[in-house]
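Enquirer: Enclosed is the structure file upload.csv (CSV, C-alpha atoms).
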chain,number,residue,atom,x,y,z
A,1,MET,CA,-15.3,2.4,-47.0
A,2,LYS,CA,-14.0,2.9,-43.4
A,3,ARG,CA,-12.8,-0.7,-43.4
A,4,ILE,CA,-10.9,-0.1,-46.6
A,5,PHE,CA,-9.0,2.9,-45.2
A,6,ILE,CA,-8.3,1.0,-42.0
A,7,LEU,CA,-6.9,-1.9,-44.0
A,8,PHE,CA,-4.7,0.5,-46.0
A,9,ILE,CA,-3.3,2.1,-42.9
A,10,VAL,CA,-2.5,-1.4,-41.4
A,11,LEU,CA,-0.8,-2.6,-44.5
A,12,THR,CA,1.2,0.6,-44.8
A,13,ALA,CA,2.4,0.3,-41.2
A,14,VAL,CA,3.3,-3.4,-41.6
A,15,ASN,CA,5.2,-2.6,-44.7
A,16,THR,CA,7.2,0.2,-43.1
A,17,ILE,CA,8.1,-1.6,-39.9
A,18,TYR,CA,9.0,-5.0,-41.5
A,19,ALA,CA,10.9,-3.5,-44.5
A,20,ASP,CA,12.9,-1.2,-42.2
A,21,GLU,CA,13.8,-4.1,-39.8
A,22,VAL,CA,15.0,-6.3,-42.7
A,23,TYR,CA,16.8,-3.3,-44.2
A,24,ASN,CA,18.7,-2.5,-41.0
A,25,LYS,CA,19.7,-6.2,-40.4
A,26,SER,CA,20.9,-6.8,-44.0
A,27,LEU,CA,23.0,-3.7,-44.7
A,28,PRO,CA,26.7,-3.4,-43.7
A,29,ALA,CA,27.6,-0.6,-41.3
A,30,ASP,CA,29.1,1.6,-44.0
A,31,SER,CA,26.4,1.2,-46.5
A,32,THR,CA,24.0,4.0,-47.5
A,33,LYS,CA,22.1,2.0,-50.1
A,34,THR,CA,18.3,2.1,-49.9
A,35,SER,CA,16.3,-1.1,-50.5
A,36,ARG,CA,13.0,-2.7,-49.6
A,37,THR,CA,14.0,-6.1,-50.9
A,38,ILE,CA,13.7,-8.9,-48.3
A,39,THR,CA,15.3,-11.8,-50.2
A,40,LYS,CA,17.1,-11.6,-53.5
A,41,SER,CA,18.6,-14.2,-55.8
A,42,LYS,CA,19.7,-13.8,-59.4
A,43,LYS,CA,16.3,-14.8,-60.7
A,44,THR,CA,13.8,-14.4,-57.8
A,45,GLU,CA,12.8,-11.6,-55.5
A,46,VAL,CA,10.5,-11.8,-52.5
A,47,SER,CA,9.2,-8.4,-51.3
A,48,LEU,CA,6.7,-6.8,-49.0
A,49,SER,CA,5.6,-3.6,-50.7
A,50,ILE,CA,2.9,-1.0,-51.1
A,51,GLY,CA,2.0,0.0,-54.7
A,52,LYS,CA,4.7,0.1,-57.4
A,53,SER,CA,7.2,-2.4,-56.3
A,54,ASP,CA,9.0,-2.6,-59.7
A,55,GLU,CA,10.1,1.0,-59.5
A,56,SER,CA,11.4,0.6,-55.9
A,57,ARG,CA,13.4,-2.5,-56.8
A,58,SER,CA,14.7,-1.0,-60.1
A,59,GLU,CA,17.2,1.1,-58.2
A,60,GLU,CA,19.3,-2.0,-57.6
A,61,ASP,CA,20.3,-2.5,-61.2
A,62,GLY,CA,21.2,1.2,-61.7
A,63,SER,CA,18.5,1.7,-64.4
A,64,LYS,CA,15.8,4.3,-64.1
A,65,GLY,CA,12.4,2.6,-64.2
A,66,SER,CA,13.5,-0.7,-65.6
A,67,ARG,CA,14.7,-4.0,-64.0
A,68,HIS,CA,16.0,-7.4,-64.9
A,69,SER,CA,13.6,-10.2,-65.8
A,70,GLY,CA,12.5,-12.6,-63.0
A,71,VAL,CA,9.9,-13.6,-60.5
A,72,SER,CA,8.4,-11.4,-57.8
A,73,PHE,CA,5.7,-11.9,-55.3
A,74,GLY,CA,4.5,-10.4,-52.1
A,75,LEU,CA,1.8,-8.3,-50.3
A,76,THR,CA,0.7,-5.1,-52.0
A,77,PHE,CA,-2.0,-2.5,-51.9
A,78,ALA,CA,-2.4,-1.6,-55.6
A,79,ARG,CA,-4.9,-0.9,-58.4
A,80,PHE,CA,-7.5,0.7,-56.2
A,81,ASP,CA,-10.6,0.9,-58.4
A,82,ILE,CA,-13.4,3.3,-57.8
A,83,GLY,CA,-16.1,3.9,-60.4
A,84,PHE,CA,-19.6,3.2,-61.6
A,85,SER,CA,-21.3,-0.1,-62.1
A,86,LYS,CA,-23.9,-0.7,-64.8
A,87,LEU,CA,-26.4,-3.6,-65.5
A,88,ILE,CA,-26.8,-4.9,-69.0
A,89,ASP,CA,-30.0,-6.7,-69.6
A,90,ASN,CA,-29.6,-9.0,-72.7
A,91,GLY,CA,-27.5,-6.4,-74.4
A,92,SER,CA,-29.4,-3.3,-73.3
A,93,PHE,CA,-28.9,-0.8,-70.6
A,94,THR,CA,-32.7,-0.6,-70.2
A,95,LEU,CA,-34.0,-3.2,-67.8
A,96,SER,CA,-36.6,-5.6,-69.0
A,97,PRO,CA,-40.0,-5.8,-67.2
A,98,GLU,CA,-38.8,-8.9,-65.3
A,99,ASN,CA,-35.9,-6.9,-63.9
A,100,GLU,CA,-37.5,-3.5,-63.4
A,101,PHE,CA,-37.5,-4.1,-59.6
A,102,LEU,CA,-33.7,-3.6,-59.8
A,103,GLU,CA,-34.0,-0.1,-61.1
A,104,TYR,CA,-31.0,1.9,-59.6
A,105,ASP,CA,-29.6,5.3,-59.3
A,106,GLY,CA,-26.7,5.3,-61.8
A,107,TRP,CA,-24.8,8.1,-60.0
A,108,LYS,CA,-24.9,6.2,-56.7
A,109,THR,CA,-24.3,2.7,-58.0
A,110,SER,CA,-20.6,2.0,-57.6
A,111,ASN,CA,-17.8,-0.4,-57.9
A,112,VAL,CA,-14.8,-0.5,-55.5
A,113,GLY,CA,-11.9,-2.9,-55.4
A,114,PHE,CA,-8.2,-3.3,-54.8
A,115,ASP,CA,-5.4,-5.9,-54.9
A,116,LEU,CA,-3.7,-7.3,-51.8
A,117,LEU,CA,-1.4,-10.0,-53.1
A,118,GLN,CA,0.6,-10.4,-56.3
A,119,PHE,CA,2.7,-13.0,-58.1
A,120,GLY,CA,4.3,-12.1,-61.4
A,121,TYR,CA,7.1,-12.6,-63.9
A,122,ARG,CA,8.8,-9.7,-65.7
A,123,PHE,CA,10.2,-10.6,-69.1
A,124,ASN,CA,11.9,-7.3,-69.7
A,125,SER,CA,11.4,-3.6,-68.8
A,126,ALA,CA,8.4,-3.3,-71.1
A,127,PHE,CA,6.4,-6.5,-70.5
A,128,LYS,CA,5.2,-8.3,-67.4
A,129,ILE,CA,2.6,-10.9,-66.5
A,130,TYR,CA,1.2,-11.2,-63.0
A,131,LEU,CA,-1.6,-12.9,-61.1
A,132,SER,CA,-3.1,-10.9,-58.2
A,133,GLY,CA,-5.8,-11.4,-55.6
A,134,GLY,CA,-8.0,-8.8,-53.9
A,135,VAL,CA,-11.5,-7.8,-53.0
A,136,ASP,CA,-14.2,-6.2,-55.2
A,137,TRP,CA,-17.6,-4.7,-54.3
A,138,THR,CA,-20.6,-3.8,-56.4
A,139,HIS,CA,-23.2,-1.5,-54.8
A,140,LEU,CA,-26.5,-1.1,-56.5
A,141,ARG,CA,-28.5,1.9,-55.1
A,142,LEU,CA,-32.0,0.7,-55.6
A,143,GLU,CA,-34.7,3.3,-56.3
A,144,ARG,CA,-37.7,1.3,-55.3
A,145,ASN,CA,-38.8,0.6,-51.7
A,146,ILE,CA,-38.2,-3.2,-51.8
A,147,THR,CA,-36.4,-5.7,-49.6
A,148,MET,CA,-34.7,-8.8,-51.2
A,149,ARG,CA,-35.9,-12.0,-49.6
A,150,ARG,CA,-33.3,-14.2,-47.9
A,151,ASN,CA,-33.2,-17.9,-48.5
A,152,ALA,CA,-35.6,-17.7,-51.4
A,153,PRO,CA,-35.7,-20.3,-54.2
A,154,VAL,CA,-35.1,-17.6,-56.8
A,155,LEU,CA,-34.3,-13.8,-56.6
A,156,GLU,CA,-37.4,-12.4,-55.0
A,157,TYR,CA,-38.4,-9.3,-53.1
A,158,ASP,CA,-41.1,-7.8,-50.9
A,159,GLU,CA,-42.6,-4.4,-51.4
A,160,SER,CA,-42.4,-2.1,-48.4
A,161,ASP,CA,-44.5,0.9,-47.2
A,162,ILE,CA,-41.4,2.4,-45.7
A,163,GLN,CA,-39.6,5.1,-47.6
A,164,PHE,CA,-35.9,4.2,-47.6
A,165,SER,CA,-33.4,7.0,-47.7
A,166,LYS,CA,-30.8,4.4,-48.6
A,167,ASN,CA,-31.5,1.0,-50.1
A,168,ARG,CA,-28.3,-0.6,-51.2
A,169,PHE,CA,-28.0,-4.1,-52.8
A,170,SER,CA,-24.4,-5.3,-52.8
A,171,SER,CA,-22.1,-8.2,-53.7
A,172,THR,CA,-18.6,-8.8,-52.5
A,173,TYR,CA,-16.2,-11.0,-54.5
A,174,LEU,CA,-12.7,-12.3,-54.1
A,175,ARG,CA,-11.2,-11.0,-57.4
A,176,ILE,CA,-8.3,-12.9,-59.2
A,177,PRO,CA,-7.3,-11.0,-62.3
A,178,LEU,CA,-4.5,-12.2,-64.6
A,179,SER,CA,-2.8,-9.1,-66.0
A,180,PHE,CA,-0.7,-8.6,-69.1
A,181,GLU,CA,1.1,-5.3,-68.7
A,182,PHE,CA,2.9,-3.3,-71.3
A,183,ARG,CA,4.7,-0.1,-70.2
A,184,THR,CA,6.6,2.6,-72.0
A,185,LYS,CA,10.0,4.1,-71.1
A,186,GLU,CA,10.0,6.9,-68.6
A,187,ASP,CA,9.4,10.4,-70.1
A,188,LYS,CA,11.2,13.5,-69.0
A,189,SER,CA,9.0,13.8,-65.9
A,190,GLY,CA,10.0,10.2,-64.8
A,191,LYS,CA,6.5,8.7,-65.5
A,192,LYS,CA,5.4,5.9,-67.8
A,193,PHE,CA,2.3,4.9,-69.7
A,194,ARG,CA,0.8,1.5,-68.8
A,195,PHE,CA,-1.6,-0.7,-70.8
A,196,ILE,CA,-2.9,-3.6,-68.9
A,197,ALA,CA,-5.6,-6.2,-69.9
A,198,GLY,CA,-6.6,-9.8,-69.2
A,199,PRO,CA,-9.2,-12.2,-67.8
A,200,ASP,CA,-10.8,-11.5,-64.4
A,201,MET,CA,-12.2,-14.2,-62.2
A,202,GLY,CA,-14.2,-13.8,-58.9
A,203,PHE,CA,-15.6,-16.0,-56.1
A,204,LEU,CA,-18.6,-14.7,-54.2
A,205,LEU,CA,-17.9,-13.8,-50.6
A,206,ASN,CA,-21.2,-12.3,-49.5
A,207,GLY,CA,-24.3,-10.6,-50.6
A,208,ARG,CA,-25.9,-7.8,-48.6
A,209,VAL,CA,-28.9,-5.5,-48.3
A,210,LYS,CA,-28.2,-2.3,-46.4
A,211,GLN,CA,-31.2,0.0,-45.7
A,212,LYS,CA,-31.7,3.3,-43.9
A,213,SER,CA,-35.1,4.7,-42.9
A,214,ASN,CA,-36.7,6.9,-40.2
A,215,GLU,CA,-38.8,4.0,-39.0
A,216,ASN,CA,-36.1,1.3,-38.7
A,217,GLY,CA,-32.9,3.3,-38.7
A,218,LYS,CA,-30.0,1.4,-40.2
A,219,GLN,CA,-30.5,-2.3,-41.1
A,220,LYS,CA,-28.2,-4.9,-42.7
A,221,PHE,CA,-29.2,-8.3,-44.1
A,222,ASN,CA,-26.7,-10.9,-45.4
A,223,ASP,CA,-27.4,-13.7,-47.9
A,224,ASP,CA,-26.0,-14.9,-51.2
A,225,TYR,CA,-29.2,-13.5,-52.9
A,226,HIS,CA,-28.5,-15.8,-55.9
A,227,PHE,CA,-25.4,-13.8,-57.0
A,228,THR,CA,-23.4,-16.1,-59.2
A,229,LYS,CA,-20.9,-18.0,-57.1
A,230,PHE,CA,-18.1,-17.8,-59.7
A,231,ARG,CA,-18.0,-15.0,-62.2
A,232,TYR,CA,-15.6,-14.5,-65.1
A,233,GLY,CA,-14.9,-11.7,-67.5
A,234,ALA,CA,-12.2,-9.4,-68.8
A,235,PHE,CA,-10.8,-6.0,-67.9
A,236,ALA,CA,-8.5,-3.3,-69.3
A,237,ARG,CA,-6.6,-0.5,-67.7
A,238,ILE,CA,-4.7,2.5,-69.2
A,239,GLY,CA,-2.6,4.7,-66.9
A,240,TYR,CA,0.0,7.3,-66.7
A,241,GLY,CA,2.2,7.5,-63.7
A,242,GLY,CA,0.2,6.2,-60.7
A,243,ALA,CA,-3.3,6.7,-62.0
A,244,GLY,CA,-5.5,5.8,-64.9
A,245,LEU,CA,-8.8,4.4,-66.1
A,246,TYR,CA,-10.3,0.9,-66.0
A,247,ALA,CA,-13.2,-1.0,-67.4
A,248,LYS,CA,-14.5,-4.5,-66.5
A,249,TYR,CA,-17.2,-6.7,-68.1
A,250,TYR,CA,-18.4,-10.1,-66.9
A,251,PHE,CA,-19.4,-12.7,-69.4
A,252,ASN,CA,-21.7,-14.8,-67.2
A,253,ASP,CA,-25.0,-13.7,-65.6
A,254,MET,CA,-25.0,-11.7,-62.5
A,255,PHE,CA,-27.5,-14.1,-60.8
A,256,GLU,CA,-27.7,-17.8,-61.0
A,257,LYS,CA,-30.6,-20.3,-60.4
A,258,SER,CA,-33.0,-17.4,-61.0
A,259,PRO,CA,-34.5,-17.9,-64.6
A,260,ALA,CA,-36.1,-14.4,-64.7
A,261,GLN,CA,-32.7,-12.8,-64.5
A,262,LYS,CA,-31.1,-14.8,-67.3
A,263,GLY,CA,-29.0,-12.6,-69.5
A,264,LEU,CA,-28.5,-9.9,-66.9
A,265,LYS,CA,-24.9,-9.0,-66.8
A,266,ASN,CA,-22.6,-6.5,-65.0
A,267,MET,CA,-19.9,-4.1,-66.1
A,268,ALA,CA,-17.9,-1.4,-64.3
A,269,PHE,CA,-15.7,1.5,-65.2
A,270,GLY,CA,-13.9,4.4,-63.5
A,271,LEU,CA,-10.6,5.5,-62.0
A,272,SER,CA,-7.7,3.2,-61.0
A,273,ILE,CA,-5.0,4.4,-58.6
A,274,GLY,CA,-1.7,2.8,-57.7
A,275,PHE,CA,-0.6,0.9,-60.9
Could the structure of this file be written out as structure tokens, please?

Expert:
Amino acid sequence: MKRIFILFIVLTAVNTIYADEVYNKSLPADSTKTSRTITKSKKTEVSLSIGKSDESRSEEDGSKGSRHSGVSFGLTFARFDIGFSKLIDNGSFTLSPENEFLEYDGWKTSNVGFDLLQFGYRFNSAFKIYLSGGVDWTHLRLERNITMRRNAPVLEYDESDIQFSKNRFSSTYLRIPLSFEFRTKEDKSGKKFRFIAGPDMGFLLNGRVKQKSNENGKQKFNDDYHFTKFRYGAFARIGYGGAGLYAKYYFNDMFEKSPAQKGLKNMAFGLSIGF
């Protein structure tokens, strides 16, 4: 989590410095107009923004909360998801005997993710399609004192006599969701409802075991641990203003080349901030 907050601070600083520099160079001396737009044509906008770029650019057309159709792309820090992750074993939330070694603490098993890059097309003030890229983590807090084997032919583990105070089994994915966004007009408080859904793809970046014990202190082990290299699923978001709820479900198995885990899938749900 420390790395996430550091990244957020860096992106915010870059956005502020770069946008202000472009703003100062582009405005005439007698202008008091505020803008974060770097380059603008009739149909295309290129911007460096944090969060809700549509609202910041909508000021240029004089409308409140709406903007003309067109393409937009740039850096962003948006749709920060934080919630719970659940395993579904062939349609059941109860793990089968083959997967009981993956028993986890539901309250400490989490999903965290956010978007860093976005490319989209707005058709009108109510409807937009955009493709984004970001990072997504799933952290399983294992209850048993086991250690996943690295470089094993299938997903395997070793029992341990050590009592772990933390035994976390994690995967990190590059997430690439395609979003179809519908939004309402602003209400009296200046906020909108948003309804977003679409397919979600991901490429495995890393698998990790992180353990903490009195005997060995903190330990980290990296491997792919047979997490599926490419996952695909669907997601949905509903929000009001800058916050809302999200849910994600992945259609393919959580692990590959490991027959005992066939049919074990993953889903997540929780809060989403920065629509």

Enquirer: Given only C-alpha atoms as the basis, pick out the residue of A:Gly207, A:Gly74, A:Gly270, A:Gly233 nearest to Phe221 (chain A).

Expert: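 Of A:Gly207, A:Gly74, A:Gly270, A:Gly233, the one nearest Phe221 (chain A) is A:Gly207, counting only C-alpha atoms.
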
Enquirer: To one decimal in Å, tell me the separation between CA of Lys108 (chain A) and CA of Arg194 (chain A).

Expert: 28.8 Å

Enquirer: I'd like the interatomic distance between CA of Thr172 (chain A) and CA of Leu205 (chain A), to a tenth of an Å.

Expert: 5.4 Å

Enquirer: Could you check the closest approach to Phe77 (chain A) for each of A:Ile238, A:Asn99, A:Tyr121, A:Gly134 and tell me which residue wins, using all atoms listed in the file?

Expert: A:Gly134

Enquirer: Give me, as a PyMOL selection string, all polymer residues having an atom no more than 10 Å from Pro153 (chain A), counting all atoms listed in the file and skipping those fewer than 5 positions away in the same chain.

Expert: chain A and resi 225-226+257-258

Enquirer: Take the selection from the previous step and output its residues with C-alpha atoms, as a short mmCIF file (atom, residue, chain, number, x, y, z; two decimals), keeping the file's coordinate frame.

Expert:
data_model
loop_
_atom_site.label_atom_id
_atom_site.label_comp_id
_atom_site.auth_asym_id
_atom_site.auth_seq_id
_atom_site.Cartn_x
_atom_site.Cartn_y
_atom_site.Cartn_z
CA TYR A 225 -29.20 -13.50 -52.90
CA HIS A 226 -28.50 -15.80 -55.90
CA LYS A 257 -30.60 -20.30 -60.40
CA SER A 258 -33.00 -17.40 -61.00
#

Enquirer: Have a look at CA of Lys185 (chain A) and CA of Ala126 (chain A) and let me know their distance in Å, one decimal.

Expert: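 Rounded to one decimal, the two atoms are 7.6 Å apart.
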
Enquirer: Starting from the point (-37.8, -8.4, -46.8), work out which residues of protein, DNA or RNA have an atom no more than 8 Å away when counting only C-alpha atoms; state them as a ChimeraX atom specification.

Expert: /A:146-150,157-160

Enquirer: Can you work out which one of A:Gly70, A:Gly133, A:Gly91, A:Gly113 has the shortest atom-to-atom distance to Asp253 (chain A), counting all atoms listed in the file?

Expert: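 Result for the nearest residue to Asp253 (chain A): A:Gly91.
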
Enquirer: Which is closest to Phe203 (chain A) among A:Lys265, A:Lys229, A:Lys248, A:Arg122, if we use all atoms listed in the file?

Expert: A:Lys229

Enquirer: I'd like to know which of A:Gly263, A:Ile273, A:Gly242, A:Ile176 is closest to Gly190 (chain A), using only C-alpha atoms.

Expert: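 The closest residue to Gly190 (chain A) is A:Gly242.
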
Enquirer: Considering only C-alpha atoms, state which residue in the set A:Phe230, A:Trp107, A:Phe73, A:Phe195 is at the smallest distance from Ser85 (chain A).

Expert: A:Trp107

Enquirer: Neighbours of Glu181 (chain A) within 6 Å (only C-alpha atoms; same-chain residues fewer than 2 positions away dropped), as a count of residues only?

Expert: 4

Enquirer: Counting only C-alpha atoms, what is within 9 Å of Arg208 (chain A), bar same-chain residues fewer than 6 positions away, as a list in words?

Expert: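 Listing them by chain and then by number gives Arg168, Phe169, Ser170, Ser171, Thr172, Lys220, Phe221, Asn222, Asp223, Asp224 and Tyr225 of chain A.
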
Enquirer: As a list of chain:residue names, please: the residues near Thr94 (chain A) (cut-off 12 Å, only C-alpha atoms, same-chain neighbours under 4 positions excluded).

Expert: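 Returned residues: A:Lys86, A:Leu87, A:Ile88, A:Asp89, A:Asn90, A:Glu98, A:Asn99, A:Glu100, A:Leu102, A:Glu103, A:Tyr104, A:Gly106, A:Leu264, A:Lys265.
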
Enquirer: List as a VMD selection string the residues having at least one atom at most 8 Å from position (-13.3, -12.0, -64.5) as given in the file, counting all atoms listed in the file.

Expert: chain A and resid 175 to 177 199 to 202 231 to 235 248 to 251

Enquirer: Within 8 Å of Ile162 (chain A), counting only C-alpha atoms, which residues show up once you throw out same-chain ones fewer than 6 positions away? Write them as a list of chain:residue names, please.

Expert: A:Asn145, A:Ser213, A:Glu215

Enquirer: Working from the structure I just supplied, which lacks atoms in region 200-210 of chain A, can you model all heavy atoms there and output them as a tab-separated table (two decimals), keeping the file's coordinate frame?

Expert:
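File selection-v2.tsv, as written:
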chain	number	residue	atom	x	y	z
A	200	ASP	N	-10.53	-11.80	-65.85
A	200	ASP	CA	-10.80	-11.50	-64.40
A	200	ASP	C	-11.78	-12.54	-63.91
A	200	ASP	O	-12.86	-12.73	-64.47
A	200	ASP	CB	-11.42	-10.09	-64.33
A	200	ASP	CG	-11.53	-9.62	-62.89
A	200	ASP	OD1	-11.11	-10.37	-61.99
A	200	ASP	OD2	-12.03	-8.50	-62.66
A	201	MET	N	-11.40	-13.21	-62.83
A	201	MET	CA	-12.20	-14.20	-62.20
A	201	MET	C	-12.63	-13.74	-60.80
A	201	MET	O	-11.91	-12.94	-60.18
A	201	MET	CB	-11.52	-15.55	-62.11
A	201	MET	CG	-11.12	-16.12	-63.45
A	201	MET	SD	-10.05	-17.58	-63.26
A	201	MET	CE	-8.54	-16.83	-62.64
A	202	GLY	N	-13.74	-14.24	-60.28
A	202	GLY	CA	-14.20	-13.80	-58.90
A	202	GLY	C	-14.99	-14.92	-58.26
A	202	GLY	O	-15.77	-15.62	-58.91
A	203	PHE	N	-14.82	-15.03	-56.95
A	203	PHE	CA	-15.60	-16.00	-56.10
A	203	PHE	C	-16.42	-15.15	-55.13
A	203	PHE	O	-15.88	-14.29	-54.44
A	203	PHE	CB	-14.68	-16.94	-55.40
A	203	PHE	CG	-13.93	-17.88	-56.31
A	203	PHE	CD1	-12.68	-17.54	-56.80
A	203	PHE	CD2	-14.49	-19.08	-56.69
A	203	PHE	CE1	-11.98	-18.39	-57.64
A	203	PHE	CE2	-13.81	-19.95	-57.53
A	203	PHE	CZ	-12.55	-19.60	-58.01
A	204	LEU	N	-17.71	-15.45	-55.06
A	204	LEU	CA	-18.60	-14.70	-54.20
A	204	LEU	C	-18.23	-14.91	-52.71
A	204	LEU	O	-18.09	-16.03	-52.24
A	204	LEU	CB	-20.05	-15.15	-54.41
A	204	LEU	CG	-21.12	-14.44	-53.57
A	204	LEU	CD1	-21.24	-12.97	-53.98
A	204	LEU	CD2	-22.47	-15.14	-53.72
A	205	LEU	N	-18.10	-13.81	-52.00
A	205	LEU	CA	-17.90	-13.80	-50.60
A	205	LEU	C	-19.13	-13.57	-49.78
A	205	LEU	O	-19.36	-14.17	-48.73
A	205	LEU	CB	-16.79	-12.81	-50.18
A	205	LEU	CG	-15.39	-13.01	-50.79
A	205	LEU	CD1	-14.47	-11.87	-50.37
A	205	LEU	CD2	-14.81	-14.35	-50.37
A	206	ASN	N	-19.97	-12.64	-50.30
A	206	ASN	CA	-21.20	-12.30	-49.50
A	206	ASN	C	-22.08	-11.42	-50.39
A	206	ASN	O	-21.65	-10.72	-51.31
A	206	ASN	CB	-20.76	-11.50	-48.28
A	206	ASN	CG	-21.90	-11.32	-47.31
A	206	ASN	OD1	-22.80	-12.16	-47.27
A	206	ASN	ND2	-21.89	-10.24	-46.57
A	207	GLY	N	-23.36	-11.49	-50.09
A	207	GLY	CA	-24.30	-10.60	-50.60
A	207	GLY	C	-24.95	-9.81	-49.45
A	207	GLY	O	-25.04	-10.35	-48.34
A	208	ARG	N	-25.38	-8.58	-49.68
A	208	ARG	CA	-25.90	-7.80	-48.60
A	208	ARG	C	-26.92	-6.77	-49.02
A	208	ARG	O	-26.80	-6.18	-50.10
A	208	ARG	CB	-24.75	-7.07	-47.84
A	208	ARG	CG	-25.19	-6.05	-46.81
A	208	ARG	CD	-24.03	-5.51	-46.01
A	208	ARG	NE	-23.47	-6.52	-45.10
A	208	ARG	CZ	-22.48	-6.28	-44.25
A	208	ARG	NH1	-21.93	-5.09	-44.18
A	208	ARG	NH2	-22.05	-7.25	-43.46
A	209	VAL	N	-27.94	-6.59	-48.18
A	209	VAL	CA	-28.90	-5.50	-48.30
A	209	VAL	C	-28.66	-4.56	-47.15
A	209	VAL	O	-28.65	-4.99	-45.98
A	209	VAL	CB	-30.34	-6.00	-48.31
A	209	VAL	CG1	-31.32	-4.82	-48.19
A	209	VAL	CG2	-30.63	-6.80	-49.58
A	210	LYS	N	-28.45	-3.29	-47.45
A	210	LYS	CA	-28.20	-2.30	-46.40
A	210	LYS	C	-29.27	-1.17	-46.62
A	210	LYS	O	-29.30	-0.53	-47.68
A	210	LYS	CB	-26.83	-1.71	-46.47
A	210	LYS	CG	-26.52	-0.72	-45.37
A	210	LYS	CD	-25.07	-0.26	-45.44
A	210	LYS	CE	-24.74	0.72	-44.32
A	210	LYS	NZ	-23.32	1.17	-44.36
